[in-house]
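Enquirer: Here you go, one structure.
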Amino acid sequence: MRFDVYNPQLEPYTLTEVGYVVTMNNVTVGEGVTDEPYVVEGGTRETIRTVPVIRNQRLDEWWVSHLENGQVTDLRIDFYARVELPTGNSLRIPLDALTYERTIETDIFGTKNATNTTDTGGSATPTPTDGDGTATPTPTDDGGLVDTPTVGTDEDTATPTSSPTATPTDDGGII
């Protein structure tokens with residue numbers, strides 16, 4: 001992910017790190033920080049890059065929560081910046097405007113969307129309902145639907161490329 005930051009002050013400031021925490025159903029599945037500090041001169045913009053990573057070791061715990069939650073996951077990525085102050089201290093600032101949230105619903109066992117299956121073999125006929133191209137349901141071997149979101153940002157801003165809201169379907173489910 002890339003973030004453009006702007007320093008409106010005359011004095012430069014140093015971002016010693018930009019960090020993130022990835023949670024799925026309140027299970028922390030990833031966290032990290034940028035590899036290097038960034039100095040943002042007064043009156044200028046600087047592009048900061050980070051790669052959010054999911055740690056596979058926590059996926060078992062998340063998967064249990066996903067099943068216990070009716071095959072629904074609330075994905076959240078929180079970002080923060082650590083700024084070095086002229087006094088030598090640093091300050092951790094939450095970047096709430098960059099928080100990314102997405103609800104993911106699956107039907108791994110083919111029991112949720114019975115109205116979406118055909119009479120000839122039970123394969124699903126998925127239809128994207130969000131229209132933004134980031135959450136595309138795909139059929140599974142058992143006839144269920146799997147929602148596969150893609151997290152991304154616009155090339156020049158830190159705005160998520162899709163609105164992180166769930167869209168109701170005709171049968172009352174959420175994709």
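Scheme for the structure tokens: letters A, B, ... for chains in order shown; per-chain residue numbers from 1; ligand numbers from 1 in order shown.
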With a distance cut-off of 12 Å and only C-alpha atoms, select the neighbouring residues of range 41-52 of chain A, excluding the residue or stretch itself and same-chain residues fewer than 4 positions from it, and output the selection as JSON, numbers by chain.
Expert: {"A": [1, 2, 3, 4, 5, 6, 7, 8, 9, 10, 11, 12, 13, 14, 15, 16, 17, 18, 19, 20, 21, 22, 23, 29, 30, 31, 32, 33, 34, 35, 36, 37, 76, 77, 78, 79, 80, 81, 100, 151, 152, 153, 155, 156, 157, 158]}
Enquirer: Figure out the distance between CA of Glu68 in chain A and CA of Thr106 in chain A, please, to one decimal in Å.
Expert: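 These two atoms are separated by 12.4 Å.
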Enquirer: Can you check which residues of range 47-112 of chain A DSSP gives as helix (DSSP H, G or I) on the backbone and send them as a count of residues only?
Expert: 16
Enquirer: Go ahead and compute the interatomic distance for CA of Gln71 in chain A and CA of Leu98 in chain A, in Å to one decimal.
Expert: 26.2 Å
